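A quick write-up on the structure given underneath.
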Amino acid sequence: MNIEELKEIARLVRGDVIEMVTRAGSGHPGGSLSVVEVLVTLYYEVMHHDPQNPDDDDRDRLVLSKGHAAPTLYAILSRLGYFDREWLLSLRRCGSKLQGHPYAPDTPGVDASSGSLGQGLSFANGCAMRAKLDNKSYRVYCIIGDGETNEGQIWEASMTSARYGLDNLCCVLDYNKLQIDGRIEDIKNPLPFRDKWEAFGWSVLDVNGHSFGEIKGAFDEATKTKGKPTMILAHTVKGKGVSFMEGKFEWHGRAPTRDEADRALRELGFDNGIAL
């Protein structure tokens, strides 16, 4: 796909996210919007996967460790045909197959249940180690948040990744610089990221997390890297695409009102103020 086609998919996905979270009356729009380009690039340009065979043992795996960004994952999976788009209207409702955080047993295309922050990279390690042991060629991709690096398990897992030379593992850090209570430096400063990940034995790449070209180039570079895992530091904007949400930690976990959603959707090019 060309860049303009990918940008259009990203616009549509952002519309889905706003509509889903608004209808649910709860959710996490800020961190869902910041990771759109990364996930669109993975599913449309990088990962080997098949919506008609979601359990294919040779598929690439995606572990969304920052599980509160599930609306973006669900929007993409629905557009690829993993499940009916009507499901999006049931986000976070009792009995829904689309829970507030990914739940693999219920949702086609979801490879890992997540939500308890810090645990996804350990799960991804297990997937990558299994591929090595079974001589499988699939790759494993893990998405973590910058605030999530406050969790000690992230750093324990990072040592394991390097210890076993998991070059079939690529982790993306959604570096939007904000967590639920404010700027990451003001909560429990995890910086400097590059120095730390390199010291833990990883190959580290910095990209504009909203540039499809840079993101795709980094994934290509990760595939070529041998003997160590790759960390992509994706510099992003929380709430990307909606002017009154961008760079505001207050939108980490608050759903828009209908009026706010209408305004956001019109900014995204949905003239009738409705995406779904």
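Chain labels run A, B, ... following the order of the structure tokens; each chain numbers its residues from 1, and ligands are numbered from 1 in the order shown.
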
Contacts between stretch 28-45 of chain A and stretch 135-210 of chain A, please, where a residue of stretch 135-210 of chain A counts if it comes within 9 Å (with only C-alpha atoms); show its shortest atom pair and distance in Å to one decimal, rows by chain and ascending number, as a tab-separated table.
```
residue	atom	partner	partner_atom	distance
A:Tyr141	CA	A:Leu42	CA	8.6
A:Ile143	CA	A:Val35	CA	8.8
A:Gly145	CA	A:Gly31	CA	8.3
A:Val172	CA	A:Val38	CA	8.3
A:Asp174	CA	A:Val35	CA	6.5
A:Tyr175	CA	A:Ser34	CA	8.7
A:Asn176	CA	A:Ser34	CA	6.9
A:Leu178	CA	A:Gly31	CA	8.9
A:Gln179	CA	A:Gly31	CA	8.7
A:Gly209	CA	A:Val38	CA	6.5
A:His210	CA	A:Glu37	CA	5.5
```

Excluding same-chain residues fewer than 4 positions from stretch 97-108 of chain A, what lies within 8 Å of it counting only C-alpha atoms, as a PyMOL selection string?
-> chain A and resi 27+54+64+67-71+74+82-83+87-88+90-93+112-115

Can you pull out every residue within 8 Å of stretch 217-220 of chain A, counting only C-alpha atoms, but drop anything in the same chain fewer than 5 positions away, and send it as a ChimeraX atom specification?
-> /A:46,170,205,207,232

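Atom pair atom CA of A:Gln52 / atom CA of A:Asp111: separated by 14.8 Å.
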
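Considering the residues A:Met245, A:Met1, A:Ile144, A:Cys171 and counting only C-alpha atoms, A:Asn125 has its shortest atom-to-atom contact with A:Cys171.
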
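Relative to atom CA of A:Gly120, atom CA of A:Val63 is found at 6.2 Å.
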
Can you list, as a PyMOL selection string, every residue of stretch 21-264 of chain A that DSSP puts in alpha helix (DSSP H)?
-> chain A and resi 21-24+29-34+36-41+70-80+120-133+152-163+184-188+193-199+212-224+258-264

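Running DSSP on the backbone and keeping only strand (DSSP E), the residues of stretch 88-197 of chain A that qualify are Val140, Tyr141, Cys142, Ile143, Ile144, Gly145, Leu169, Cys170, Cys171, Val172, Leu173, Asp174, Tyr175, Leu178, Gln179, Gly182 and Arg183 of chain A.
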
Between atom CA of A:Gly253 and atom CA of A:Thr236, what is the distance, to one decimal in Å?
-> 17.2 Å

Pick from A:Lys132, A:Lys226, A:Arg85, A:Lys240: nearest to A:Met20, with only C-alpha atoms counted?
-> A:Arg85

Excluding same-chain residues fewer than 2 positions from A:Arg61, what lies within 9 Å of it counting only C-alpha atoms, as an NGL selection string?
-> :A and (47-49 or 59 or 63 or 110-112 or 124 or 127-128 or 138-142)

Save the residues we just selected, C-alpha atoms, as a PDB file, in the first residue's frame?
```pdb
ATOM      1  CA  MET A  47       3.066  -8.989   9.853  1.00  0.00           C
ATOM      2  CA  HIS A  48       2.298 -12.335   8.281  1.00  0.00           C
ATOM      3  CA  HIS A  49      -1.306 -13.101   9.282  1.00  0.00           C
ATOM      4  CA  ARG A  59       1.478 -16.405  11.819  1.00  0.00           C
ATOM      5  CA  VAL A  63       1.232  -8.747  22.063  1.00  0.00           C
ATOM      6  CA  VAL A 110      -6.067 -11.361  19.515  1.00  0.00           C
ATOM      7  CA  ASP A 111      -2.920 -13.340  20.318  1.00  0.00           C
ATOM      8  CA  ALA A 112      -2.519 -12.417  23.988  1.00  0.00           C
ATOM      9  CA  ALA A 124       6.215 -12.068  24.068  1.00  0.00           C
ATOM     10  CA  CYS A 127       6.284 -16.763  22.168  1.00  0.00           C
ATOM     11  CA  ALA A 128       9.677 -15.899  20.671  1.00  0.00           C
ATOM     12  CA  TYR A 138       7.316 -16.356  12.786  1.00  0.00           C
ATOM     13  CA  ARG A 139       8.183 -13.068  14.452  1.00  0.00           C
ATOM     14  CA  VAL A 140       6.768 -11.600  17.649  1.00  0.00           C
ATOM     15  CA  TYR A 141       5.852  -7.940  18.094  1.00  0.00           C
ATOM     16  CA  CYS A 142       5.145  -6.363  21.476  1.00  0.00           C
TER      17      CYS A 142
END
```

Selection near stretch 262-267 of chain A, 9 Å with only C-alpha atoms, sequence-local residues under 2 positions removed, as a PyMOL selection string | chain A and resi 14-15+18-19+241-245+256-260+269-275
